[in-house]
file upload_9.cif (mmCIF, C-alpha atoms)
data_run
loop_
_atom_site.label_atom_id
_atom_site.label_comp_id
_atom_site.auth_asym_id
_atom_site.auth_seq_id
_atom_site.Cartn_x
_atom_site.Cartn_y
_atom_site.Cartn_z
CA GLU A 718 0.00 0.00 0.00
CA ALA A 719 1.32 3.43 -0.88
CA GLY A 720 2.16 5.69 2.06
CA VAL A 721 1.22 9.27 2.81
CA ALA A 722 2.70 11.51 0.14
CA GLN A 723 3.84 15.05 0.86
CA SER A 724 5.39 17.74 -1.29
CA PRO A 725 7.62 19.59 -1.48
CA ARG A 726 10.24 17.99 0.79
CA TYR A 727 12.04 21.25 1.41
CA LYS A 728 11.10 24.90 1.03
CA ILE A 729 12.99 28.09 1.80
CA ILE A 730 11.12 31.38 1.71
CA GLU A 731 11.55 34.90 2.99
CA LYS A 732 9.39 36.20 5.80
CA ARG A 733 6.09 37.70 4.70
CA GLN A 734 5.99 35.43 1.65
CA SER A 735 3.37 32.74 1.21
CA VAL A 736 3.85 28.98 0.92
CA ALA A 737 1.67 25.93 0.38
CA PHE A 738 2.16 22.29 1.25
CA TRP A 739 0.34 19.36 -0.27
CA CYS A 740 -0.60 16.00 1.24
CA ASN A 741 -2.14 12.89 -0.30
CA PRO A 742 -3.23 10.40 2.36
CA ILE A 743 -3.49 6.66 2.12
CA SER A 744 -6.37 5.68 -0.10
CA GLY A 745 -9.59 5.25 1.86
CA HIS A 746 -8.38 7.00 4.99
CA ALA A 747 -11.15 9.31 6.19
CA THR A 748 -9.09 11.25 8.73
CA LEU A 749 -6.23 13.56 7.84
CA TYR A 750 -4.00 15.50 10.21
CA TRP A 751 -1.47 18.31 9.83
CA TYR A 752 1.22 18.56 12.49
CA GLN A 753 3.88 21.21 13.05
CA GLN A 754 7.21 19.96 14.42
CA ILE A 755 9.55 22.73 15.56
CA LEU A 756 13.17 21.73 16.08
CA GLY A 757 13.62 20.18 19.52
CA GLN A 758 9.91 19.69 20.11
CA GLY A 759 7.36 16.99 19.53
CA PRO A 760 4.79 17.33 16.76
CA LYS A 761 1.85 19.58 17.53
CA LEU A 762 -1.53 19.11 15.88
CA LEU A 763 -2.57 22.05 13.72
CA ILE A 764 -5.74 20.74 12.14
CA GLN A 765 -7.68 17.49 11.81
CA PHE A 766 -10.12 16.66 9.03
CA GLN A 767 -12.74 13.92 8.96
CA ASN A 768 -13.49 13.48 5.26
CA ASN A 769 -13.72 17.11 4.08
CA GLY A 770 -14.92 18.55 7.39
CA VAL A 771 -12.77 20.12 10.11
CA VAL A 772 -12.82 18.24 13.43
CA ASP A 773 -10.22 20.25 15.36
CA ASP A 774 -8.41 23.43 14.37
CA SER A 775 -8.01 24.87 17.83
CA GLN A 776 -4.22 25.22 17.51
CA LEU A 777 -4.17 26.57 13.97
CA PRO A 778 -3.05 30.24 13.83
CA LYS A 779 -5.97 31.26 11.68
CA ASP A 780 -4.70 34.75 11.00
CA ARG A 781 -1.98 33.28 8.79
CA PHE A 782 -2.58 29.56 8.36
CA SER A 783 -5.34 27.94 6.32
CA ALA A 784 -6.04 24.40 5.24
CA GLU A 785 -8.54 22.66 3.06
CA ARG A 786 -9.39 19.14 2.08
CA LEU A 787 -11.58 19.32 -0.96
CA LYS A 788 -13.43 16.14 -1.93
CA GLY A 789 -12.19 14.46 1.25
CA VAL A 790 -8.97 13.20 -0.29
CA ASP A 791 -5.83 15.29 -0.58
CA SER A 792 -5.19 18.42 1.43
CA THR A 793 -3.34 21.72 1.20
CA LEU A 794 -1.90 23.72 4.09
CA LYS A 795 -1.06 27.36 3.39
CA ILE A 796 0.84 29.99 5.31
CA GLN A 797 0.41 33.66 4.38
CA PRO A 798 2.36 35.67 5.39
CA ALA A 799 5.10 33.51 6.85
CA LYS A 800 7.02 34.47 9.98
CA LEU A 801 10.44 33.34 11.13
CA GLU A 802 8.85 31.23 13.88
CA ASP A 803 7.01 29.18 11.26
CA SER A 804 10.28 27.42 10.43
CA ALA A 805 9.50 23.79 11.16
CA VAL A 806 8.73 20.42 9.64
CA TYR A 807 5.10 20.07 8.61
CA LEU A 808 3.91 16.49 8.88
CA CYS A 809 0.78 15.06 7.36
CA ALA A 810 -0.77 11.89 8.75
CA SER A 811 -3.85 9.82 7.99
CA SER A 812 -5.91 7.12 9.65
CA PRO A 813 -9.02 5.14 8.63
CA GLU A 814 -11.31 7.28 10.79
CA GLN A 815 -10.94 9.16 14.05
CA TYR A 816 -12.33 6.56 16.40
CA ARG A 817 -10.53 3.62 14.82
CA ALA A 818 -7.19 5.39 14.79
CA PRO A 819 -5.83 4.07 18.11
CA ASN A 820 -6.23 0.45 17.04
CA TYR A 821 -5.17 0.97 13.46
CA GLY A 822 -2.50 3.55 14.06
CA TYR A 823 -1.59 6.70 12.24
CA THR A 824 0.55 6.75 9.11
CA PHE A 825 2.82 9.75 8.74
CA GLY A 826 4.34 11.24 5.63
CA SER A 827 8.00 12.26 5.42
CA GLY A 828 7.15 15.89 6.00
CA THR A 829 8.00 19.24 4.45
CA ARG A 830 10.88 21.14 6.01
CA LEU A 831 10.16 24.88 5.87
CA THR A 832 12.84 27.45 6.50
CA VAL A 833 11.76 31.08 6.75
CA VAL A 834 14.62 33.57 6.41
CA ALA B 378 -5.75 18.13 29.42
CA GLN B 379 -3.47 15.39 28.26
CA SER B 380 0.29 15.85 28.43
CA VAL B 381 3.40 13.74 27.96
CA THR B 382 6.76 14.10 29.68
CA GLN B 383 9.81 12.36 28.30
CA LEU B 384 12.65 12.39 30.82
CA GLY B 385 15.95 13.11 29.13
CA SER B 386 16.17 14.89 25.81
CA HIS B 387 19.32 12.89 24.99
CA VAL B 388 20.22 9.34 26.01
CA SER B 389 23.52 7.69 25.17
CA VAL B 390 24.16 3.95 25.45
CA SER B 391 26.86 1.59 24.27
CA GLU B 392 26.11 -0.95 21.58
CA GLY B 393 24.74 -4.08 23.25
CA ALA B 394 23.59 -2.23 26.36
CA LEU B 395 20.04 -1.87 27.65
CA VAL B 396 17.98 0.94 26.19
CA LEU B 397 15.51 2.66 28.55
CA LEU B 398 13.55 5.69 27.38
CA ARG B 399 11.16 7.15 29.93
CA CYS B 400 7.65 8.43 29.32
CA ASN B 401 5.09 9.69 31.81
CA TYR B 402 1.65 10.91 30.84
CA SER B 403 -1.29 12.66 32.35
CA SER B 404 -4.78 11.73 31.34
CA SER B 405 -8.16 11.90 32.99
CA VAL B 406 -9.21 8.55 31.56
CA PRO B 407 -7.37 5.36 30.57
CA PRO B 408 -5.40 6.47 27.54
CA TYR B 409 -4.09 4.99 24.36
CA LEU B 410 -0.29 5.20 24.33
CA PHE B 411 2.17 5.13 21.48
CA TRP B 412 5.89 5.16 20.80
CA TYR B 413 7.13 6.48 17.48
CA VAL B 414 10.65 6.60 16.04
CA GLN B 415 11.93 9.27 13.68
CA TYR B 416 15.08 8.88 11.64
CA PRO B 417 16.73 12.00 10.17
CA ASN B 418 14.66 13.66 7.45
CA GLN B 419 11.94 11.05 7.71
CA GLY B 420 8.43 10.89 9.09
CA LEU B 421 7.30 9.12 12.22
CA GLN B 422 7.20 5.35 12.27
CA LEU B 423 5.07 3.48 14.79
CA LEU B 424 7.12 1.27 17.12
CA LEU B 425 4.32 -0.01 19.33
CA LYS B 426 1.04 0.98 20.93
CA TYR B 427 -1.06 0.19 23.95
CA THR B 428 -4.83 0.36 23.63
CA THR B 429 -6.34 -2.28 25.91
CA GLY B 430 -5.43 -5.70 27.25
CA ALA B 431 -1.93 -6.86 28.11
CA THR B 432 0.10 -4.09 29.69
CA LEU B 433 3.42 -5.34 28.27
CA VAL B 434 3.47 -4.45 24.61
CA LYS B 435 5.96 -5.73 22.09
CA GLY B 436 6.83 -3.75 19.03
CA ILE B 437 9.11 -3.78 16.04
CA ASN B 438 12.90 -4.01 16.10
CA GLY B 439 12.96 -5.71 19.52
CA PHE B 440 11.42 -2.83 21.46
CA GLU B 441 8.80 -3.24 24.14
CA ALA B 442 6.99 -1.00 26.61
CA GLU B 443 4.98 -1.56 29.75
CA PHE B 444 1.89 0.41 30.68
CA LYS B 445 1.85 1.08 34.42
CA LYS B 446 -1.35 2.84 35.38
CA SER B 447 -0.32 3.40 39.01
CA GLU B 448 2.82 5.19 37.87
CA THR B 449 1.24 6.81 34.78
CA SER B 450 4.23 5.57 32.84
CA PHE B 451 4.91 3.89 29.51
CA HIS B 452 8.67 3.41 29.37
CA LEU B 453 10.31 2.00 26.25
CA THR B 454 13.00 -0.67 26.54
CA LYS B 455 15.23 -2.81 24.38
CA PRO B 456 17.59 -5.40 25.91
CA SER B 457 20.50 -4.80 23.54
CA ALA B 458 21.09 -1.61 21.59
CA HIS B 459 22.17 -1.68 17.98
CA MET B 460 23.80 1.09 16.02
CA SER B 461 20.73 1.26 13.79
CA ASP B 462 18.60 2.24 16.82
CA ALA B 463 20.13 5.72 16.85
CA ALA B 464 17.18 8.04 16.18
CA GLU B 465 14.69 10.27 17.94
CA TYR B 466 11.88 8.63 19.88
CA PHE B 467 8.52 10.15 20.69
CA CYS B 468 5.95 9.03 23.22
CA ALA B 469 2.34 10.04 22.54
CA VAL B 470 -0.99 9.80 24.32
CA GLN B 471 -4.52 9.86 23.02
CA GLU B 472 -7.76 9.83 24.88
CA TYR B 473 -10.65 8.14 23.12
CA GLY B 474 -11.77 10.31 20.24
CA ASN B 475 -9.28 13.07 20.99
CA LYS B 476 -6.13 14.23 19.34
CA LEU B 477 -2.70 12.66 19.65
CA VAL B 478 -0.41 14.60 22.02
CA PHE B 479 3.35 14.06 21.74
CA GLY B 480 6.20 14.42 24.16
CA ALA B 481 9.23 16.54 23.29
CA GLY B 482 11.22 13.53 22.15
CA THR B 483 14.39 11.73 23.23
CA ILE B 484 17.40 11.46 20.95
CA LEU B 485 19.08 8.09 21.36
CA ARG B 486 22.76 7.86 20.62
CA VAL B 487 24.43 4.44 20.37
CA LYS B 488 28.19 4.31 20.89
CA SER B 489 30.31 1.62 19.32
#

call {"tool": "encode", "arguments": {"input": "upload_9.cif", "output": "structure tokens"}}
result
Amino acid sequence: EAGVAQSPRYKIIEKRQSVAFWCNPISGHATLYWYQQILGQGPKLLIQFQNNGVVDDSQLPKDRFSAERLKGVDSTLKIQPAKLEDSAVYLCASSPEQYRAPNYGYTFGSGTRLTVV
Amino acid sequence: AQSVTQLGSHVSVSEGALVLLRCNYSSSVPPYLFWYVQYPNQGLQLLLKYTTGATLVKGINGFEAEFKKSETSFHLTKPSAHMSDAAEYFCAVQEYGNKLVFGAGTILRVKS
């Protein structure tokens, strides 16, 4: 089975610019997550989708971050405008559905490493 | 609110020695617990998980962890370290239906 695909792998932008990350989850997985992993910290959930609806976006900085999951499949996370503190690895993960996730597990992509200069 | 504390941001062991990575959690209800490993420039790979049942959980690559409710701990062990075990390890907790919360991670170094 193909894994969770993310692109690009690396991105360097200047502060105040915009950037977008793309994620394609495992086929059939209803739940999709975006995590932010700052150097030296554990991943932090930014947003969780169930199909194409948002389940939890309580930690998403909505003044600059946005995400969508059209048609309940792949997803895009955007930052506009970027700040220096947004430098991090952005991980996408998927699971069959929210309440089955603990038994099935979560599958993570390789992430996008963003550097804001 | 759930939280995870991983004691020791860096752990160094000799090849062949016991690996012990510590994880304590806080949760208002019996949690689901996970250990993930992350190699450089890669995503997170599931090592093992505890959901219900037997409190001693065996995972991949010879790792195991024991859920101790009285101590709110889920420490990760491996009897004999291998050079290929060098990576960063994350403990995570999830309450039923809620989000996964990660610890800050422990970098394991294996000396030859």

call {"tool": "resolve_selection", "arguments": {"input": "upload_9.cif", "expression": "the PyMOL selection byres ((chain A) within 12 of (chain B))", "output": "PyMOL selection string"}}
result
chain A and resi 720-723+726-727+748-767+772-776+805-812+814-830

call {"tool": "atom_distance", "arguments": {"input": "upload_9.cif", "atom1": "atom CA of A:Gly789", "atom2": "atom CA of A:Phe738"}}
result
16.3 Å

call {"tool": "resolve_selection", "arguments": {"input": "upload_9.cif", "expression": "the PyMOL selection byres ((chain A and resi 769) around 8)", "output": "PyMOL selection string"}}
result
chain A and resi 766-768+770-771+785-790

call {"tool": "write_last_selection", "arguments": {"input": "upload_9.cif", "atoms": "C-alpha atoms", "output": "short mmCIF file (atom, residue, chain, number, x, y, z; two decimals), in the coordinates of the input"}}
result
data_model
loop_
_atom_site.label_atom_id
_atom_site.label_comp_id
_atom_site.auth_asym_id
_atom_site.auth_seq_id
_atom_site.Cartn_x
_atom_site.Cartn_y
_atom_site.Cartn_z
CA PHE A 766 -10.12 16.66 9.03
CA GLN A 767 -12.74 13.92 8.96
CA ASN A 768 -13.49 13.48 5.26
CA GLY A 770 -14.92 18.55 7.39
CA VAL A 771 -12.77 20.12 10.11
CA GLU A 785 -8.54 22.66 3.06
CA ARG A 786 -9.39 19.14 2.08
CA LEU A 787 -11.58 19.32 -0.96
CA LYS A 788 -13.43 16.14 -1.93
CA GLY A 789 -12.19 14.46 1.25
CA VAL A 790 -8.97 13.20 -0.29
#

call {"tool": "atom_distance", "arguments": {"input": "upload_9.cif", "atom1": "atom CA of B:Gly393", "atom2": "atom CA of B:Lys435"}}
result
18.9 Å

call {"tool": "atom_distance", "arguments": {"input": "upload_9.cif", "atom1": "atom CA of A:Ser744", "atom2": "atom CA of A:Ser792"}}
result
12.9 Å

call {"tool": "resolve_selection", "arguments": {"input": "upload_9.cif", "expression": "the PyMOL selection byres ((chain A and resi 798) around 10)", "output": "PDB file with C-alpha atoms, in the coordinates of the input"}}
result
ATOM      1  CA  GLU A 731      11.550  34.900   2.990  1.00  0.00           C
ATOM      2  CA  LYS A 732       9.390  36.200   5.800  1.00  0.00           C
ATOM      3  CA  ARG A 733       6.090  37.700   4.700  1.00  0.00           C
ATOM      4  CA  GLN A 734       5.990  35.430   1.650  1.00  0.00           C
ATOM      5  CA  SER A 735       3.370  32.740   1.210  1.00  0.00           C
ATOM      6  CA  VAL A 736       3.850  28.980   0.920  1.00  0.00           C
ATOM      7  CA  ASP A 780      -4.700  34.750  11.000  1.00  0.00           C
ATOM      8  CA  ARG A 781      -1.980  33.280   8.790  1.00  0.00           C
ATOM      9  CA  PHE A 782      -2.580  29.560   8.360  1.00  0.00           C
ATOM     10  CA  LYS A 795      -1.060  27.360   3.390  1.00  0.00           C
ATOM     11  CA  ILE A 796       0.840  29.990   5.310  1.00  0.00           C
ATOM     12  CA  GLN A 797       0.410  33.660   4.380  1.00  0.00           C
ATOM     13  CA  ALA A 799       5.100  33.510   6.850  1.00  0.00           C
ATOM     14  CA  LYS A 800       7.020  34.470   9.980  1.00  0.00           C
ATOM     15  CA  ASP A 803       7.010  29.180  11.260  1.00  0.00           C
TER      16      ASP A 803
END

call {"tool": "closest_residue", "arguments": {"input": "upload_9.cif", "among": "A:Ser804, A:Lys779, A:Leu794, A:Ala719", "to": "A:Cys740", "atoms": "all atoms listed in the file"}}
result
A:Leu794

call {"tool": "closest_residue", "arguments": {"input": "upload_9.cif", "among": "A:Leu801, A:Ile729, A:Ile743, A:Ala737", "to": "A:Ser783", "atoms": "all atoms listed in the file"}}
result
A:Ala737

call {"tool": "residues_around", "arguments": {"input": "upload_9.cif", "residues": "B:Gly439", "least_positions_apart": "6", "cutoff": "9 Å", "atoms": "all atoms listed in the file", "output": "PyMOL selection string"}}
result
chain B and resi 454-457

call {"tool": "write_last_selection", "arguments": {"input": "upload_9.cif", "atoms": "C-alpha atoms", "output": "PDB file, in the coordinates of the input"}}
result
ATOM      1  CA  THR B 454      13.000  -0.670  26.540  1.00  0.00           C
ATOM      2  CA  LYS B 455      15.230  -2.810  24.380  1.00  0.00           C
ATOM      3  CA  PRO B 456      17.590  -5.400  25.910  1.00  0.00           C
ATOM      4  CA  SER B 457      20.500  -4.800  23.540  1.00  0.00           C
TER       5      SER B 457
END

call {"tool": "residues_around", "arguments": {"input": "upload_9.cif", "residues": "B:Gly436", "least_positions_apart": "4", "cutoff": "6 Å", "atoms": "only C-alpha atoms", "output": "list in words"}}
result
Leu424, Leu425, Phe440 and Glu441 of chain B
